[in-house]
file target.tsv (TSV, C-alpha atoms)
chain	number	residue	atom	x	y	z
O	995	ARG	CA	1.70	12.34	-18.69
O	996	LYS	CA	-1.50	13.74	-20.23
O	997	LYS	CA	-3.60	11.31	-18.15
O	998	MET	CA	-1.84	12.36	-14.94
O	999	LEU	CA	-2.37	16.06	-15.66
O	1000	GLN	CA	-6.13	15.50	-16.12
O	1001	LYS	CA	-6.50	14.07	-12.61
O	1002	PRO	CA	-7.73	16.43	-9.91
O	1003	PRO	CA	-4.99	17.63	-7.56
O	1004	ARG	CA	-4.55	15.64	-4.38
O	1005	PRO	CA	-5.90	17.34	-1.28
O	1006	ILE	CA	-3.40	18.96	1.01
O	1007	HIS	CA	-3.86	17.77	4.57
O	1008	ASP	CA	-2.97	19.41	7.83
O	1009	TYR	CA	-4.05	16.20	9.63
O	1010	LYS	CA	-6.45	17.89	11.99
O	1011	THR	CA	-9.97	17.00	13.08
O	1012	GLY	CA	-12.24	16.76	10.05
O	1013	ASP	CA	-9.59	15.74	7.52
O	1014	GLN	CA	-10.26	12.50	5.71
O	1015	VAL	CA	-7.70	9.90	4.71
O	1016	LEU	CA	-7.93	6.54	2.97
O	1017	PHE	CA	-7.19	3.24	4.67
O	1018	PHE	CA	-7.61	0.00	2.74
O	1019	GLY	CA	-10.18	1.53	0.41
O	1020	GLN	CA	-12.29	3.19	3.10
O	1021	THR	CA	-12.44	6.85	4.08
O	1022	TYR	CA	-11.49	7.55	7.70
O	1023	LEU	CA	-12.06	10.78	9.57
O	1024	ILE	CA	-9.16	12.23	11.54
O	1025	GLN	CA	-9.89	13.25	15.10
O	1026	THR	CA	-7.03	14.98	16.87
O	1027	ILE	CA	-6.45	14.20	20.53
O	1028	PRO	CA	-3.95	15.74	22.92
O	1029	GLY	CA	-0.75	13.73	22.80
O	1030	SER	CA	3.01	13.73	22.68
O	1031	ARG	CA	5.60	12.93	20.04
O	1032	ARG	CA	5.75	9.34	21.36
O	1033	ASP	CA	2.04	8.58	20.97
O	1034	THR	CA	0.80	6.65	17.96
O	1035	VAL	CA	-2.27	6.87	15.75
O	1036	LYS	CA	-5.12	4.62	16.87
O	1037	ARG	CA	-8.14	3.40	14.96
O	1038	ASN	CA	-11.59	3.77	16.52
O	1039	GLY	CA	-14.31	2.62	14.14
O	1040	ARG	CA	-14.07	4.83	11.06
O	1041	CYS	CA	-11.98	7.45	12.89
O	1042	LEU	CA	-8.25	7.73	13.29
O	1043	LEU	CA	-7.38	9.19	16.68
O	1044	PHE	CA	-4.44	11.37	15.87
O	1045	PRO	CA	-2.10	12.62	18.64
O	1046	HIS	CA	-1.56	16.35	18.38
O	1047	TRP	CA	0.74	18.59	20.39
O	1048	GLU	CA	1.41	22.31	20.53
O	1049	GLY	CA	3.50	23.39	17.53
O	1050	GLN	CA	3.06	20.15	15.60
O	1051	THR	CA	3.63	20.70	11.88
O	1052	ALA	CA	1.75	19.04	9.03
O	1053	GLU	CA	5.01	17.32	8.06
O	1054	GLU	CA	5.36	15.80	11.54
O	1055	ALA	CA	1.73	14.66	11.45
O	1056	GLU	CA	2.17	13.15	8.00
O	1057	LYS	CA	5.28	11.23	9.13
O	1058	ARG	CA	3.29	9.87	12.06
O	1059	LEU	CA	0.45	8.76	9.77
O	1060	TYR	CA	2.82	7.11	7.32
O	1061	ARG	CA	4.63	5.23	10.13
O	1062	TRP	CA	1.22	3.94	11.24
O	1063	TYR	CA	0.33	3.11	7.63
O	1064	ALA	CA	3.60	1.16	7.20
O	1065	ASP	CA	2.90	-0.91	10.32
O	1066	ARG	CA	-0.66	-1.70	9.16
O	1067	LEU	CA	0.50	-2.57	5.66
O	1068	GLN	CA	3.18	-4.88	7.07
O	1069	GLU	CA	0.61	-6.58	9.36
O	1070	THR	CA	-1.69	-7.17	6.40
O	1071	ALA	CA	0.94	-8.09	3.81
O	1072	VAL	CA	2.85	-10.71	5.81
O	1073	PRO	CA	-0.03	-13.23	6.11
O	1074	LEU	CA	-0.91	-12.67	2.43
O	1075	LEU	CA	2.71	-13.25	1.45
O	1076	GLU	CA	2.82	-16.45	3.50
O	1077	LYS	CA	-0.40	-17.69	1.90
O	1078	TRP	CA	0.65	-16.90	-1.67
O	1079	GLN	CA	4.20	-18.21	-1.30
O	1080	ARG	CA	2.68	-21.58	-0.31
O	1081	GLU	CA	0.08	-21.45	-3.12
O	1082	ILE	CA	2.53	-20.46	-5.84
O	1083	GLY	CA	5.40	-22.59	-4.51
O	1084	VAL	CA	7.99	-19.83	-4.22
O	1085	SER	CA	9.66	-18.07	-1.32
O	1086	ILE	CA	11.15	-14.66	-0.68
O	1087	THR	CA	13.98	-13.70	1.61
O	1088	HIS	CA	12.85	-10.19	2.49
O	1089	LEU	CA	9.92	-7.77	2.31
O	1090	THR	CA	10.43	-4.01	2.16
O	1091	ILE	CA	7.71	-1.39	2.39
O	1092	ARG	CA	8.58	2.01	1.00
O	1093	LYS	CA	7.14	4.98	-0.82
O	1094	MET	CA	7.56	4.51	-4.55
O	1095	LYS	CA	6.80	7.10	-7.19
O	1096	SER	CA	6.02	4.96	-10.20
O	1097	ARG	CA	5.43	1.34	-9.15
O	1098	TRP	CA	3.09	-0.56	-6.85
O	1099	GLY	CA	5.70	-3.20	-6.17
O	1100	SER	CA	8.97	-4.65	-7.35
O	1101	CYS	CA	10.71	-8.00	-7.21
O	1102	ASN	CA	14.43	-8.63	-7.17
O	1103	VAL	CA	14.41	-12.14	-8.63
O	1104	ARG	CA	18.09	-12.86	-7.93
O	1105	ASP	CA	17.90	-11.95	-4.22
O	1106	ARG	CA	14.24	-13.04	-3.90
O	1107	ARG	CA	13.28	-9.71	-2.33
O	1108	ILE	CA	9.96	-7.92	-2.74
O	1109	SER	CA	9.18	-4.25	-2.18
O	1110	LEU	CA	5.65	-2.95	-1.78
O	1111	ASN	CA	4.56	0.64	-2.26
O	1112	LEU	CA	3.43	2.16	1.04
O	1113	HIS	CA	0.52	3.84	-0.78
O	1114	LEU	CA	-1.10	0.41	-1.27
O	1115	VAL	CA	-2.46	0.87	2.26
O	1116	LYS	CA	-4.94	3.38	0.80
O	1117	TYR	CA	-6.51	0.86	-1.61
O	1118	PRO	CA	-8.73	-2.17	-1.03
O	1119	VAL	CA	-6.89	-5.27	0.24
O	1120	GLN	CA	-7.74	-6.91	-3.10
O	1121	CYS	CA	-5.22	-4.51	-4.71
O	1122	LEU	CA	-2.50	-5.41	-2.22
O	1123	GLU	CA	-3.15	-9.10	-2.83
O	1124	TYR	CA	-2.92	-8.60	-6.60
O	1125	VAL	CA	0.43	-6.80	-6.28
O	1126	ILE	CA	1.77	-9.53	-3.99
O	1127	ILE	CA	0.71	-12.26	-6.45
O	1128	HIS	CA	2.13	-10.25	-9.36
O	1129	GLU	CA	5.51	-9.86	-7.66
O	1130	LEU	CA	5.68	-13.48	-6.49
O	1131	VAL	CA	4.89	-14.71	-10.01
O	1132	HIS	CA	8.06	-12.93	-11.15
O	1133	LEU	CA	9.93	-15.64	-9.25
O	1134	LEU	CA	8.41	-18.13	-11.72
O	1135	GLU	CA	8.59	-15.96	-14.83
O	1136	LYS	CA	10.76	-12.84	-14.92
O	1137	GLY	CA	9.12	-10.86	-17.74
O	1138	HIS	CA	5.59	-9.68	-18.46
O	1139	ASN	CA	4.99	-12.21	-21.22
O	1140	PRO	CA	1.97	-14.45	-21.87
O	1141	VAL	CA	3.36	-17.15	-19.56
O	1142	PHE	CA	3.63	-14.59	-16.73
O	1143	TRP	CA	0.07	-13.33	-17.24
O	1144	GLY	CA	-1.15	-16.92	-17.44
O	1145	TYR	CA	0.26	-17.54	-13.95
O	1146	VAL	CA	-1.30	-14.32	-12.65
O	1147	GLU	CA	-4.65	-15.37	-14.12
O	1148	GLN	CA	-4.31	-18.82	-12.56
O	1149	TYR	CA	-3.71	-17.47	-9.06
O	1150	ASP	CA	-5.87	-14.33	-9.24
O	1151	PRO	CA	-8.71	-14.53	-11.80
O	1152	GLU	CA	-9.94	-11.09	-10.62
O	1153	TRP	CA	-6.56	-9.38	-11.17
O	1154	ARG	CA	-7.88	-7.05	-13.87
O	1155	LYS	CA	-10.29	-5.39	-11.44
O	1156	ALA	CA	-7.51	-4.69	-8.92
O	1157	ARG	CA	-5.15	-3.43	-11.63
O	1158	SER	CA	-7.90	-1.20	-12.99
O	1159	ILE	CA	-8.43	0.35	-9.54
O	1160	LEU	CA	-4.71	1.00	-9.15
O	1161	ASN	CA	-4.30	2.36	-12.68
O	1162	SER	CA	-7.33	4.64	-12.45
O	1163	GLU	CA	-6.18	6.19	-9.19
O	1164	GLY	CA	-2.45	6.39	-9.88
O	1165	ILE	CA	0.22	6.80	-7.27
call {"tool": "encode", "arguments": {"input": "target.tsv", "output": "structure tokens"}}
result
Amino acid sequence: RKKMLQKPPRPIHDYKTGDQVLFFGQTYLIQTIPGSRRDTVKRNGRCLLFPHWEGQTAEEAEKRLYRWYADRLQETAVPLLEKWQREIGVSITHLTIRKMKSRWGSCNVRDRRISLNLHLVKYPVQCLEYVIIHELVHLLEKGHNPVFWGYVEQYDPEWRKARSILNSEGI
């Protein structure tokens, strides 16, 4: 709790031109463009072209960004999951992406389901890959014991760096 209170407050966005957001560890500049409620966010270099309409609220804009984030995270996570399921020799039945308050991922061993925190889309892909490996290893070893960490080390020798990034930033 003390550590969390020492962190600087997160910026409040109105998602208008000039705001900056994170996307896979890089800072992107928001550029608003005239649009409708049906239009989606588009990436153009290091800019996110953000549809804006008369009367749009920050909450509506944030929902739009997080829908776009979820799609990008899914696009990136699925091939990584396929790769690491083959490498580790396990398989899942379902992937869920959702906002989580206190975890980067979770694994339901019995149902072979994995959930990933939507906020992973803000961190380098290395962090997403670490969380995927971590959760898949739970299908081999349920707890966080030396055997579990041995598997993680075997499949991701750089896991400490990714975990350090995630722990230093927090959710």
call {"tool": "closest_residue", "arguments": {"input": "target.tsv", "among": "O:Trp1047, O:Tyr1022, O:Phe1017, O:Trp1078", "to": "Tyr1060 (chain O)", "atoms": "all atoms listed in the file"}}
result
O:Phe1017
call {"tool": "closest_residue", "arguments": {"input": "target.tsv", "among": "O:Arg1032, O:His1128, O:Arg1106, O:Arg1097", "to": "Ser1085 (chain O)", "atoms": "only C-alpha atoms"}}
result
O:Arg1106
call {"tool": "closest_residue", "arguments": {"input": "target.tsv", "among": "O:Val1103, O:Pro1028, O:Lys1036, O:Trp1143", "to": "Val1084 (chain O)", "atoms": "all atoms listed in the file"}}
result
O:Val1103
call {"tool": "residues_around", "arguments": {"input": "target.tsv", "residues": "Asp1105 (chain O)", "least_positions_apart": "4", "cutoff": "9 Å", "atoms": "only C-alpha atoms", "output": "PyMOL selection string"}}
result
chain O and resi 1086-1088+1101
call {"tool": "atom_distance", "arguments": {"input": "target.tsv", "atom1": "CA of Leu1074 (chain O)", "atom2": "CA of Arg1040 (chain O)"}}
result
23.5 Å
call {"tool": "residues_around", "arguments": {"input": "target.tsv", "residues": "Gly1083 (chain O)", "least_positions_apart": "5", "cutoff": "12 Å", "atoms": "all atoms listed in the file", "output": "list of chain:residue names"}}
result
O:Leu1075, O:Glu1076, O:Lys1077, O:Trp1078, O:Ile1127, O:Leu1130, O:Val1131, O:Leu1133, O:Leu1134, O:Tyr1145, O:Tyr1149
call {"tool": "residues_around", "arguments": {"input": "target.tsv", "residues": "Thr1011 (chain O)", "least_positions_apart": "4", "cutoff": "12 Å", "atoms": "all atoms listed in the file", "output": "PyMOL selection string"}}
result
chain O and resi 1007+1015+1022-1028+1041-1046
